[in-house]
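J.: There's a structure below that I have some questions on.
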Amino acid sequence: MTATSAPAAPRATVARRAAGSVILGSGRLLRLELRHNAMLWLLPVAFALFWYNGYREIMALPPMWNLRAMTLQNRLLFDLMVPATAAAAWMGSREGRRGITELVTGTARPRWSRQLATWGATTAWAEVGCLACVAVVYLITARQASWGGPLWWPAVVSAAGVPALTAIGFAAGAWFPGRFVTPLVTVVVFFGLAFGTQAASGDHAYWQVSPLIAGAFDIGAAPGVASFYPYLPDLSIAQVMFAAGLAVAILGALGIPVARMRWLAAAVTAAGLAAAGTAVALAGTGRLDPHGMIAIPALHDAAAGQPVRYTPACNRSPIPICVHPAYAGFLPAVATAVGSELTEFAGLPGAPARISQVAPVYQQEPGNGINVSAHVSGASQFIVPDPLPGQPGGTSDQFAANLAQGLGLQLASHVILGGTGRAAIPGPGQAGLAVIAGSVRFPPSVEARDLAPLYGSLLPQPGSPAAQAARRFAALSPAARHAWLAAHLAALRAGRVTLAQLP
Amino acid sequence: MNVEITDLTRRFGRNQAVAGVSLQAGPGVFGLLGPNGAGKTTLLRMMATVIPPTTGRLRLLDRDPGAYGPRREVRRRLGYLPQNLGYYPGFTVAEFVEYFALLKEMPAARVPAAVATAVERVDLGGMARAKLRTLSGGMLRRVGIAQAIVNEPELLLLDEPTAGLDPEQRVRFRALLREFGQRATVVVSTHLVEDVGAACSQVALMDQGKVVFDGTPGELTARGTEQGTGDAPLERGYTAVLAAARA
C-alpha cells in the first residue's frame with residue numbers, strides 16, 4: 001500500500017498546480033481582455049442612452065418599487081442593447097478584422113476558450129453598465145419610496161438579458177468578421193427586440209418571454225401590481241431561462257467547429273436551445289392572475305398568492321382615508337380631491353367611519369383588453385385610480401377627476417341613496433340626483449357630457465331643472481351642505497324633497 | 001528529429017501549393033529558400049498546424065499534429081511568425097507578447113518573466129509599454145518575433161522574419177537564430193539568401209511546390225560555382241539550382 005500510495009501524493013500536487021496555473025492563466029487572459037474591450041469605451045454611450053431614454057422616465061414615475069422596477073426592466077435592456085451588441089460584434093470580429101486569425105490558430109488554447117474569454121470580458125463590462133444603472137435607480141428609489149423594498153426579479157431579468165445580447169453580437173462578429181457586421185447585427189437586434197414586444201398580445205402570448213416585458217404586457221408597470229400581493233416571479237423565471245438558454249446555445253455553437261469539443265459544444269448548444277424553447281413554451285401557458293401578474297402554472301408557487309401584510313397610511317380628514325403605505329405619498333392628493341365630500345358626508349347616516357383602499361382586480365379580456373375593477377363593499381372601500389400623477393398620461397388634474405368620479409361619486413351616492421349604491425337604483429328622485437351632482441366636486445376640466453355615459457343614471461341631464469338645482473346646491477359650502485343634509489337626509493332618501501326645496 | 005515530413009501535399013482548389021515534399025530537421029537553423037509562389041509559406045503553415053496537409057505524413061516534435069491532443073501539445077512548444085503579422089493596435093508590446101504566452105498555455109507564474117525576456121531579446125525593452133499602433137514596421141516585426149519566442153519553443157517557424165528590419169537588427173536577429181538553433185529546430189522561410197548563409201546550418205530550396213535542393217549552405221554555394229548568376233556565392237548556387245530544376 002505504501003508503494004502504491006506514495007506516488008499519488010505528488011501526482012495530486014502536480015494536478016493541483018496545473019489546475020491553479022490554468023485558472024491563473026485564464027484570469028490573466030480575462031484581465032487583458034477587460035483592459036482592451038470595446039464595451040469599456042461604450043459604457044459612457046450606454047449610460048447616456050439610459051439617462052436619456054430610461055432614467056428620466058423612471059425617475060419621473062411615482063417612487064413606488066413596482067412601477068420603477070418594472071419600468072426599469074422594460075427600458076434598461078433596450079438602452080443597453082445597441083452598445084452591448086455592437087461592442088460584442090466588434091470584439092467577435094476582432095481576429096478577422098485585424099488579420100490575426102492565423103497567428104492565434106497556431107496556439108494551444110482552443111479557439112472556443114479564447115473566444116469565451118473575449119466574450120466574457122465584453123459581457124462583464126456590459127453587466128457593469130447594467131448593474132450600475134440598476135443601482136442608481138434602486139438607491140434613489142430606496143430614499144424616496146414610502147414602503148417596500150427592491151423588486152429583484154426585474155433587475156435579474158435585465159442582467160440575464162445582457163449575456164444573450166452580447167452572445168448574439170459576438171457570434172455574428174465571429175462568424176462574419178468584417179466592419180459592416182457590427183452595424184448590421186445591431187440594427188437587426190434592435191428591431192427584432194423592439195418589434196418582438198409588439199407581437200405580445202394577451203396573457204397567453206409566447207412573446208411574453210421577451211426580457212423587455214415586465215408583467216402583463218397590456219398593463220405594463222401598474223401601481224396596483226405587486227403592491228397588495230407579492231411580485232410573481234413566474235414570467236421572470238421563464239425570461240431568465242430564455243435569455244440564459246439563448247446565450248448558452250449561441251456560445252455552444254461557437255465551439256462546434258472545434259474538433260475535439262464538437263460533441264461537447266453540440267450538447268451545450270442543444271441544452272441551451274432546450275432551455276430557451278422550454279421557456280417560450282412556458283410563457284405561452286401564462287395567464288393573468290387577479291392581482292395583475294402573469295402566473296405560469298408549471299412555475300407557480302401557490303404560497304405566493306397570499307396578500308402582503310402592511311400597516312395602512314391614514315389621514316385625519318373628517319372621514320379618515322387609509323391607503324396602502326406604498327401610496328402614502330398620494331394620500332394628501334386623495335384627501336384634497338374628495339375633501340369637500342368627506343366634510344359634507346362625515347357623520348351622516350350611512351357614511352363610512354373610514355375609507356380604505358383595496359387592491360384592484362385584473363381580468364384578461366379577449367385580445368389585448370384587460371379589465372381593472374375592484375371588489376368594493378359599500379363606500380368604505382375604494383381603489384386608487386390609474387394613472388397616478390407622474391405615470392405616462394397621468395396628471396394631478398386627471399387624478400383628481402378620476403377620484404371624484406370614483407370615490408366622490410361612490411360616497412355621495414352611497415350616503416344620499418341610503419347605502420344601496422348606484423347599481424341598485426332603478427329611478428332615484430330628481431332631488432337626490434341633484435344633491436349627488438352638487439356634492440361631487442368634479443374638476444373644471446371634467447364636463448358633464450364626459451360623465452354622462454358613465455354616470456348617466458346618477459347625474460341630471462345638462463340644462464335640466466335638476467342640473468340647475470345641483471349647481472345651486474354645489475354653491476354652498478361643504479359645512480352648509482352637511483348641515484342641510486343632516487336635517488333632510490331621511491326625507492331626501494324617501495323622495496319627499498322636491499327640487500325647489502333644495503337650498 | 002523535431003520535423004519529419006514525408007510526401008506532404010497541399011491543394012487549394014486546383015492549385016497544388018505543396019507537391020510531395022519530404023524533409024527532416026533536427027536542432028539547428030533550417031533555411032527555406034525559394035521564389036515567390038514556391039510553396040514555402042504553405043509548408044510553414046502546415047508545420048505551424050494552421051492548415052492540415054491534403055496528403056502525406058507530418059510529425060512534429062515526435063507527435064502527429066493531425067490528432068487534437070498531440071496537436072495541442074505541439075502548439076505549446078511551437079513558435080510561429082506568419083508572413084503577415086496581424087496585431088491589436090491598442091495592446092502594448094508587453095501585453096501583446098503576454099497575450100500569446102497565455103494562448104500558448106505557458107504556466108501562468110512564468111509568464112511575466114518570459115515576456116520580459118522575450119521583449120528584451122528583440123531589443124524592445126524600452127518600448128515594452130508602447131502601444132503597437134505607435135511602432136514602426138520593423139519594430140512590429142520584432143514584436144512578432146518576441147511573441148514567437150516567448151514560450152522558449154522547441155520548434156520555431158519564422159516566415160520572412162527579417163522583412164523590414166534594419167541591418168543592425170538583422171545582424172542581432174541572426175545571432176538570436178543561432179542561439180535558438182543550439183537547442184531547438186528553427187525553420188526560416190526567406191527570400192534573403194544572406195540570412196541563410198549567415199545563420200542556417202541546413203537549407204532547402206523549393207520551387208513549384210517541390211524541394212529541389214536539400215543540404216548545407218556550403219553545398220548550395222558549391223552548386224553555383226560554374227553556371228549560377230548573382231552577386232554572392234550563395235545567390236549563384238540558388239539561381240543555378242533553380243535553373244537546373246526548371247530545365
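Ligands are numbered from 1 in the order shown, chains are lettered A, B, ... in the order of the C-alpha cells, and residues start at 1 in each chain.
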Check which residues of chain A sit at most 7 Å from chain B using only C-alpha atoms, and return one row each with the closest pair of atoms and their distance in Å to one decimal, ordered by chain and rising number, as JSON lines.
T.:
{"residue": "A:Ser21", "atom": "CA", "partner": "B:Ala108", "partner_atom": "CA", "distance": 5.4}
{"residue": "A:Leu24", "atom": "CA", "partner": "B:Ala108", "partner_atom": "CA", "distance": 5.9}
{"residue": "A:Gly25", "atom": "CA", "partner": "B:Ala108", "partner_atom": "CA", "distance": 4.8}
{"residue": "A:Leu29", "atom": "CA", "partner": "B:Leu102", "partner_atom": "CA", "distance": 6.5}
{"residue": "A:His36", "atom": "CA", "partner": "B:Gly90", "partner_atom": "CA", "distance": 6.9}
{"residue": "A:Arg98", "atom": "CA", "partner": "B:Gly86", "partner_atom": "CA", "distance": 5.5}
{"residue": "A:Gly99", "atom": "CA", "partner": "B:Gly86", "partner_atom": "CA", "distance": 4.7}
{"residue": "A:Ile100", "atom": "CA", "partner": "B:Gly86", "partner_atom": "CA", "distance": 4.4}
{"residue": "A:Glu102", "atom": "CA", "partner": "B:Val50", "partner_atom": "CA", "distance": 6.4}
{"residue": "A:Leu103", "atom": "CA", "partner": "B:Pro82", "partner_atom": "CA", "distance": 6.7}
{"residue": "A:Thr105", "atom": "CA", "partner": "B:Val50", "partner_atom": "CA", "distance": 5.9}
{"residue": "A:Gly106", "atom": "CA", "partner": "B:Val50", "partner_atom": "CA", "distance": 5.4}
{"residue": "A:Thr107", "atom": "CA", "partner": "B:Lys104", "partner_atom": "CA", "distance": 5.1}
{"residue": "A:Ala108", "atom": "CA", "partner": "B:Arg75", "partner_atom": "CA", "distance": 4.9}
{"residue": "A:Arg109", "atom": "CA", "partner": "B:Leu103", "partner_atom": "CA", "distance": 5.1}
{"residue": "A:Arg260", "atom": "CA", "partner": "B:Tyr68", "partner_atom": "CA", "distance": 6.1}
J.: Could you dump the residues just selected with N, CA and C atoms as an mmCIF file, in the first residue's frame?
T.:
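Output file selection04.cif is given in full below:
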data_model
loop_
_atom_site.group_PDB
_atom_site.id
_atom_site.type_symbol
_atom_site.label_atom_id
_atom_site.label_comp_id
_atom_site.auth_asym_id
_atom_site.auth_seq_id
_atom_site.Cartn_x
_atom_site.Cartn_y
_atom_site.Cartn_z
ATOM 1 N N SER A 21 -2.587 26.815 -12.270
ATOM 2 C CA SER A 21 -1.955 27.573 -13.342
ATOM 3 C C SER A 21 -2.954 27.900 -14.446
ATOM 4 N N LEU A 24 -5.153 30.650 -13.150
ATOM 5 C CA LEU A 24 -4.405 31.907 -13.118
ATOM 6 C C LEU A 24 -4.202 32.446 -14.536
ATOM 7 N N GLY A 25 -3.879 31.524 -15.447
ATOM 8 C CA GLY A 25 -3.695 31.930 -16.843
ATOM 9 C C GLY A 25 -4.967 32.482 -17.446
ATOM 10 N N LEU A 29 -5.662 36.244 -18.846
ATOM 11 C CA LEU A 29 -6.215 36.468 -20.185
ATOM 12 C C LEU A 29 -7.461 37.348 -20.100
ATOM 13 N N HIS A 36 -8.752 45.782 -22.746
ATOM 14 C CA HIS A 36 -8.804 46.200 -24.155
ATOM 15 C C HIS A 36 -10.139 45.812 -24.771
ATOM 16 N N ARG A 98 -8.451 42.161 -37.773
ATOM 17 C CA ARG A 98 -7.049 42.505 -37.536
ATOM 18 C C ARG A 98 -6.083 41.531 -38.187
ATOM 19 N N GLY A 99 -6.606 40.558 -38.891
ATOM 20 C CA GLY A 99 -5.752 39.616 -39.610
ATOM 21 C C GLY A 99 -4.843 38.800 -38.701
ATOM 22 N N ILE A 100 -5.387 38.451 -37.552
ATOM 23 C CA ILE A 100 -4.562 37.752 -36.568
ATOM 24 C C ILE A 100 -5.001 36.296 -36.404
ATOM 25 N N GLU A 102 -4.614 33.641 -38.174
ATOM 26 C CA GLU A 102 -3.613 32.599 -38.401
ATOM 27 C C GLU A 102 -2.664 32.479 -37.212
ATOM 28 N N LEU A 103 -2.324 33.631 -36.669
ATOM 29 C CA LEU A 103 -1.383 33.634 -35.553
ATOM 30 C C LEU A 103 -1.978 32.944 -34.333
ATOM 31 N N THR A 105 -4.489 30.848 -34.341
ATOM 32 C CA THR A 105 -4.866 29.464 -34.619
ATOM 33 C C THR A 105 -3.736 28.514 -34.238
ATOM 34 N N GLY A 106 -2.507 28.968 -34.381
ATOM 35 C CA GLY A 106 -1.362 28.108 -34.078
ATOM 36 C C GLY A 106 -1.011 28.050 -32.605
ATOM 37 N N THR A 107 -1.900 28.533 -31.748
ATOM 38 C CA THR A 107 -1.617 28.474 -30.311
ATOM 39 C C THR A 107 -2.395 27.336 -29.667
ATOM 40 N N ALA A 108 -1.960 26.972 -28.463
ATOM 41 C CA ALA A 108 -2.501 25.762 -27.830
ATOM 42 C C ALA A 108 -3.912 25.963 -27.281
ATOM 43 N N ARG A 109 -4.191 27.147 -26.809
ATOM 44 C CA ARG A 109 -5.510 27.361 -26.197
ATOM 45 C C ARG A 109 -6.584 27.226 -27.265
ATOM 46 N N ARG A 260 -12.112 18.598 -31.239
ATOM 47 C CA ARG A 260 -12.188 17.771 -30.042
ATOM 48 C C ARG A 260 -13.438 18.070 -29.218
#
J.: Phe180 in chain A: which residues within 12 Å, counting only C-alpha atoms, same-chain residues fewer than 3 positions away excluded, as a VMD selection string?
T.: chain A and resid 86 89 to 90 93 97 172 to 173 176 to 177 183 to 187
J.: List the neighbours of Thr41 in chain B out to 10 Å using only C-alpha atoms; skip same-chain residues closer than 3 positions along the sequence, and give me the result as a list in words.
T.: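 The contact residues come out as Ala17, Val18, Leu32, Asn36, Gly37, Ala38, Leu44, Arg45, Met46, Met47, Pro82, Gln83, Leu158, Asp159, Glu160, Ser189 and Thr190 of chain B.
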J.: Next, write the just-selected residues to a file, as a tab-separated table (two decimals), in the first residue's frame, keeping N, CA and C atoms as the atom set.
T.:
chain	number	residue	atom	x	y	z
B	17	ALA	N	-0.20	23.75	-53.97
B	17	ALA	CA	0.82	24.64	-53.43
B	17	ALA	C	2.05	23.87	-52.98
B	18	VAL	N	1.84	22.72	-52.40
B	18	VAL	CA	2.95	21.87	-51.97
B	18	VAL	C	2.72	20.50	-52.60
B	32	LEU	N	14.64	27.91	-45.48
B	32	LEU	CA	13.73	27.51	-46.55
B	32	LEU	C	13.74	28.62	-47.59
B	36	ASN	N	8.94	33.47	-55.21
B	36	ASN	CA	7.54	33.70	-54.84
B	36	ASN	C	6.67	32.58	-55.40
B	37	GLY	N	5.75	32.09	-54.56
B	37	GLY	CA	4.84	31.06	-55.01
B	37	GLY	C	5.43	29.68	-55.02
B	38	ALA	N	6.59	29.51	-54.41
B	38	ALA	CA	7.23	28.18	-54.42
B	38	ALA	C	6.55	27.22	-53.47
B	44	LEU	N	5.18	26.09	-44.34
B	44	LEU	CA	5.36	26.59	-42.98
B	44	LEU	C	4.03	26.60	-42.22
B	45	ARG	N	2.96	26.95	-42.91
B	45	ARG	CA	1.64	26.98	-42.25
B	45	ARG	C	1.21	25.58	-41.84
B	46	MET	N	1.55	24.59	-42.66
B	46	MET	CA	1.23	23.21	-42.27
B	46	MET	C	2.05	22.80	-41.06
B	47	MET	N	3.34	23.23	-41.06
B	47	MET	CA	4.18	22.89	-39.91
B	47	MET	C	3.73	23.64	-38.65
B	82	PRO	N	3.98	34.46	-38.70
B	82	PRO	CA	3.49	34.38	-40.07
B	82	PRO	C	4.05	35.53	-40.93
B	83	GLN	N	3.85	35.36	-42.21
B	83	GLN	CA	4.37	36.36	-43.14
B	83	GLN	C	3.72	37.72	-42.90
B	158	LEU	N	9.55	30.69	-38.71
B	158	LEU	CA	9.58	32.12	-38.99
B	158	LEU	C	9.44	32.35	-40.49
B	159	ASP	N	8.41	33.09	-40.86
B	159	ASP	CA	8.16	33.36	-42.28
B	159	ASP	C	8.58	34.80	-42.57
B	160	GLU	N	9.61	34.94	-43.33
B	160	GLU	CA	10.18	36.25	-43.66
B	160	GLU	C	10.41	37.08	-42.40
B	189	SER	N	11.80	30.75	-43.33
B	189	SER	CA	11.47	30.92	-44.74
B	189	SER	C	11.86	32.34	-45.13
B	190	THR	N	12.63	32.45	-46.19
B	190	THR	CA	13.11	33.79	-46.55
B	190	THR	C	13.47	33.88	-48.02
J.: Write out as a PyMOL selection string each polymer residue whose atoms come within 6 Å of Leu155 in chain B, counting only C-alpha atoms; drop sequence neighbours fewer than 5 positions from it.
T.: chain B and resi 78+184-186
J.: Using C-alpha atoms, can you export the residues from the last selection as a compact mmCIF listing (two decimals), in the first residue's frame?
T.:
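The resulting file, result_3.txt, is shown below:
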# COMPACT_ATOMS: atom_id res chain seq x y z
CA LEU B 78 5.80 25.90 -31.01
CA ALA B 184 15.63 23.98 -30.93
CA THR B 185 14.68 23.49 -34.53
CA VAL B 186 14.34 26.84 -36.25
J.: So which residues touch Glu365 in chain A within 10 Å, counting only C-alpha atoms, skipping near sequence neighbours fewer than 5 positions away, as a tab-separated table (two decimals) with N, CA and C atoms, in the first residue's frame?
T.:
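Just written: out_34.tsv:
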chain	number	residue	atom	x	y	z
A	202	GLY	N	-52.19	39.59	-25.14
A	202	GLY	CA	-52.91	38.72	-24.22
A	202	GLY	C	-51.95	37.97	-23.31
A	203	ASP	N	-52.55	37.27	-22.34
A	203	ASP	CA	-51.72	36.64	-21.33
A	203	ASP	C	-51.15	35.30	-21.76
A	288	LEU	N	-53.23	35.72	-16.82
A	288	LEU	CA	-53.24	36.89	-15.95
A	288	LEU	C	-53.95	36.54	-14.65
A	370	ILE	N	-57.73	44.39	-20.91
A	370	ILE	CA	-57.68	43.93	-19.52
A	370	ILE	C	-58.64	44.79	-18.73
A	371	ASN	N	-59.53	44.14	-18.02
A	371	ASN	CA	-60.50	44.86	-17.21
A	371	ASN	C	-59.93	45.04	-15.81
J.: Any idea what the distance is between CA of Val157 in chain A and CA of Gln239 in chain A?
T.: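 It comes out at 6.5 Å.
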J.: Find, counting only C-alpha atoms, the residue in A:Ala266, A:Val280, A:Val361, A:Ala135 that gets nearest to His204 in chain A.
T.: A:Val280
J.: Considering only strand (DSSP E) as DSSP defines it on the backbone, what residues of range 252-477 of chain A qualify? List them as a ChimeraX atom specification.
T.: /A:287-288,294-295,313-314,321-323,355-357,360-364,370-374,381-382
J.: Determine the nearest neighbour of Thr336 in chain A from the options A:Leu43, A:Leu282, A:Ala400, A:Ala38, counting only C-alpha atoms.
T.: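 Ranking A:Leu43, A:Leu282, A:Ala400, A:Ala38 by distance to Thr336 in chain A, first place goes to A:Ala400.
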J.: As a PyMOL selection string, please: every residue in range 14-118 of chain B that a backbone DSSP assignment puts in alpha helix (DSSP H).
T.: chain B and resi 40-47+68-76+93-103+111-118
J.: Now that the selection is made, can you save its residues with C-alpha atoms as a CSV table (one decimal), in the first residue's frame?
T.:
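Ended up saving to part35.csv:
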chain,number,residue,atom,x,y,z
B,40,LYS,CA,7.3,27.9,-48.6
B,41,THR,CA,4.6,29.7,-46.7
B,42,THR,CA,2.1,26.9,-47.2
B,43,LEU,CA,4.7,24.4,-46.0
B,44,LEU,CA,5.4,26.6,-43.0
B,45,ARG,CA,1.6,27.0,-42.3
B,46,MET,CA,1.2,23.2,-42.3
B,47,MET,CA,4.2,22.9,-39.9
B,68,TYR,CA,-6.2,17.0,-31.4
B,69,GLY,CA,-4.3,16.1,-28.2
B,70,PRO,CA,-0.9,15.8,-29.8
B,71,ARG,CA,-1.5,18.9,-31.9
B,72,ARG,CA,-2.2,20.9,-28.7
B,73,GLU,CA,1.0,19.6,-27.1
B,74,VAL,CA,2.9,20.6,-30.2
B,75,ARG,CA,1.4,24.1,-30.2
B,76,ARG,CA,2.5,24.6,-26.6
B,93,VAL,CA,4.3,45.4,-26.7
B,94,ALA,CA,4.3,43.6,-23.4
B,95,GLU,CA,0.6,42.9,-23.4
B,96,PHE,CA,0.7,41.5,-26.9
B,97,VAL,CA,3.5,39.2,-26.0
B,98,GLU,CA,1.8,38.2,-22.8
B,99,TYR,CA,-1.4,37.5,-24.7
B,100,PHE,CA,0.4,34.9,-26.8
B,101,ALA,CA,2.2,33.5,-23.9
B,102,LEU,CA,-1.2,32.8,-22.3
B,103,LEU,CA,-2.6,31.5,-25.5
B,111,VAL,CA,4.6,34.4,-17.9
B,112,PRO,CA,5.8,37.8,-16.6
B,113,ALA,CA,9.5,36.8,-16.6
B,114,ALA,CA,9.1,35.1,-20.0
B,115,VAL,CA,7.5,38.2,-21.5
B,116,ALA,CA,10.2,40.5,-20.2
B,117,THR,CA,12.9,38.2,-21.5
B,118,ALA,CA,11.4,37.9,-25.0
J.: Could you please determine the separation between CA of Phe382 in chain A and CA of Pro63 in chain A in Å, to one decimal place?
T.: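 Value for the CA of Phe382 in chain A-CA of Pro63 in chain A distance: 21.3 Å.
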J.: Give me, as a PyMOL selection string, all polymer residues having an atom no more than 12 Å from Ala46 in chain A, counting only C-alpha atoms and skipping those fewer than 4 positions away in the same chain.
T.: chain A and resi 39-42+50-55+75-87+125-133
J.: From the list B:Pro217, B:Gly39, B:Pro53, B:Pro161, which residue is nearest Val193 in chain B when using only C-alpha atoms?
T.: B:Pro217
J.: Kindly give the distance, in Å, that separates CA of Ile256 in chain A and CA of Arg11 in chain B, rounded to a single decimal.
T.: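 Distance reported for this atom pair: 24.9 Å.
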J.: Just want the 10 Å neighbourhood of range 238-246 of chain B, counted on only C-alpha atoms, with same-chain residues fewer than 6 positions away dropped. Output as a list of chain:residue names.
T.: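 Contacts, with the query itself left out: B:Leu33, B:Gly34, B:Pro35, B:Val193, B:Leu205, B:Met206, B:Asp207, B:Gln208, B:Lys210, B:Val211, B:Val212, B:Phe213, B:Pro217, B:Leu220, B:Thr221, B:Ala222, B:Arg223, B:Gly224, B:Thr225, B:Glu226, B:Gln227, B:Gly228, B:Thr229, B:Gly230, B:Ala232.
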J.: Write to file, as a CSV table (one decimal), in the first residue's frame, the residues of the selection just made, with N, CA and C atoms.
T.:
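The resulting file, again_6.csv, is shown below:
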chain,number,residue,atom,x,y,z
B,33,LEU,N,14.4,28.3,-48.7
B,33,LEU,CA,14.5,29.3,-49.8
B,33,LEU,C,13.6,29.0,-50.9
B,34,GLY,N,13.4,30.0,-51.7
B,34,GLY,CA,12.6,29.7,-52.9
B,34,GLY,C,12.0,31.0,-53.5
B,35,PRO,N,11.6,31.0,-54.8
B,35,PRO,CA,11.0,32.2,-55.3
B,35,PRO,C,9.6,32.4,-54.8
B,193,VAL,N,19.0,35.3,-49.2
B,193,VAL,CA,20.0,34.2,-49.1
B,193,VAL,C,21.1,34.6,-48.1
B,205,LEU,N,15.7,24.3,-50.8
B,205,LEU,CA,15.2,25.2,-51.8
B,205,LEU,C,14.0,24.7,-52.5
B,206,MET,N,12.9,25.4,-52.5
B,206,MET,CA,11.7,25.0,-53.0
B,206,MET,C,11.4,25.7,-54.3
B,207,ASP,N,10.7,25.0,-55.2
B,207,ASP,CA,10.2,25.6,-56.5
B,207,ASP,C,9.0,24.8,-56.9
B,208,GLN,N,8.0,25.6,-57.2
B,208,GLN,CA,6.7,25.0,-57.7
B,208,GLN,C,6.2,23.9,-56.8
B,210,LYS,N,7.8,21.9,-54.8
B,210,LYS,CA,8.7,20.8,-54.5
B,210,LYS,C,10.0,21.3,-54.0
B,211,VAL,N,10.7,20.4,-53.2
B,211,VAL,CA,12.0,20.7,-52.7
B,211,VAL,C,13.0,20.3,-53.8
B,212,VAL,N,13.8,21.2,-54.3
B,212,VAL,CA,14.7,20.9,-55.4
B,212,VAL,C,16.1,20.9,-54.9
B,213,PHE,N,16.3,21.3,-53.7
B,213,PHE,CA,17.6,21.1,-53.1
B,213,PHE,C,17.5,21.0,-51.6
B,217,PRO,N,24.3,25.2,-46.5
B,217,PRO,CA,24.6,26.4,-47.3
B,217,PRO,C,25.9,26.2,-48.1
B,220,LEU,N,25.1,24.3,-51.3
B,220,LEU,CA,24.3,25.2,-52.2
B,220,LEU,C,25.3,26.1,-52.9
B,221,THR,N,26.2,26.7,-52.1
B,221,THR,CA,27.2,27.6,-52.7
B,221,THR,C,28.0,26.9,-53.8
B,222,ALA,N,28.3,25.6,-53.5
B,222,ALA,CA,29.1,24.9,-54.5
B,222,ALA,C,28.4,24.6,-55.8
B,223,ARG,N,27.1,24.6,-55.7
B,223,ARG,CA,26.3,24.4,-57.0
B,223,ARG,C,26.4,25.6,-57.9
B,224,GLY,N,26.8,26.7,-57.4
B,224,GLY,CA,26.8,27.9,-58.2
B,224,GLY,C,28.2,28.3,-58.8
B,225,THR,N,29.2,27.5,-58.6
B,225,THR,CA,30.5,27.9,-59.0
B,225,THR,C,30.6,27.9,-60.5
B,226,GLU,N,29.8,27.2,-61.2
B,226,GLU,CA,30.0,27.1,-62.7
B,226,GLU,C,29.0,27.9,-63.5
B,227,GLN,N,27.7,27.8,-63.1
B,227,GLN,CA,26.7,28.4,-64.0
B,227,GLN,C,25.7,29.4,-63.4
B,228,GLY,N,25.8,29.6,-62.1
B,228,GLY,CA,24.9,30.5,-61.4
B,228,GLY,C,25.1,31.9,-61.7
B,229,THR,N,24.1,32.7,-61.5
B,229,THR,CA,24.2,34.2,-61.6
B,229,THR,C,23.9,34.8,-60.3
B,230,GLY,N,24.5,35.9,-60.0
B,230,GLY,CA,24.3,36.6,-58.8
B,230,GLY,C,25.5,37.3,-58.2
B,232,ALA,N,26.5,37.2,-54.9
B,232,ALA,CA,27.1,36.5,-53.8
B,232,ALA,C,27.2,35.0,-54.2
J.: Calculated over only C-alpha atoms, which of the candidates A:Ala121, A:Ala253, A:Leu411, A:Met59 has the smallest distance to Val376 in chain A?
T.: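 Smallest distance to Val376 in chain A is found for A:Leu411.
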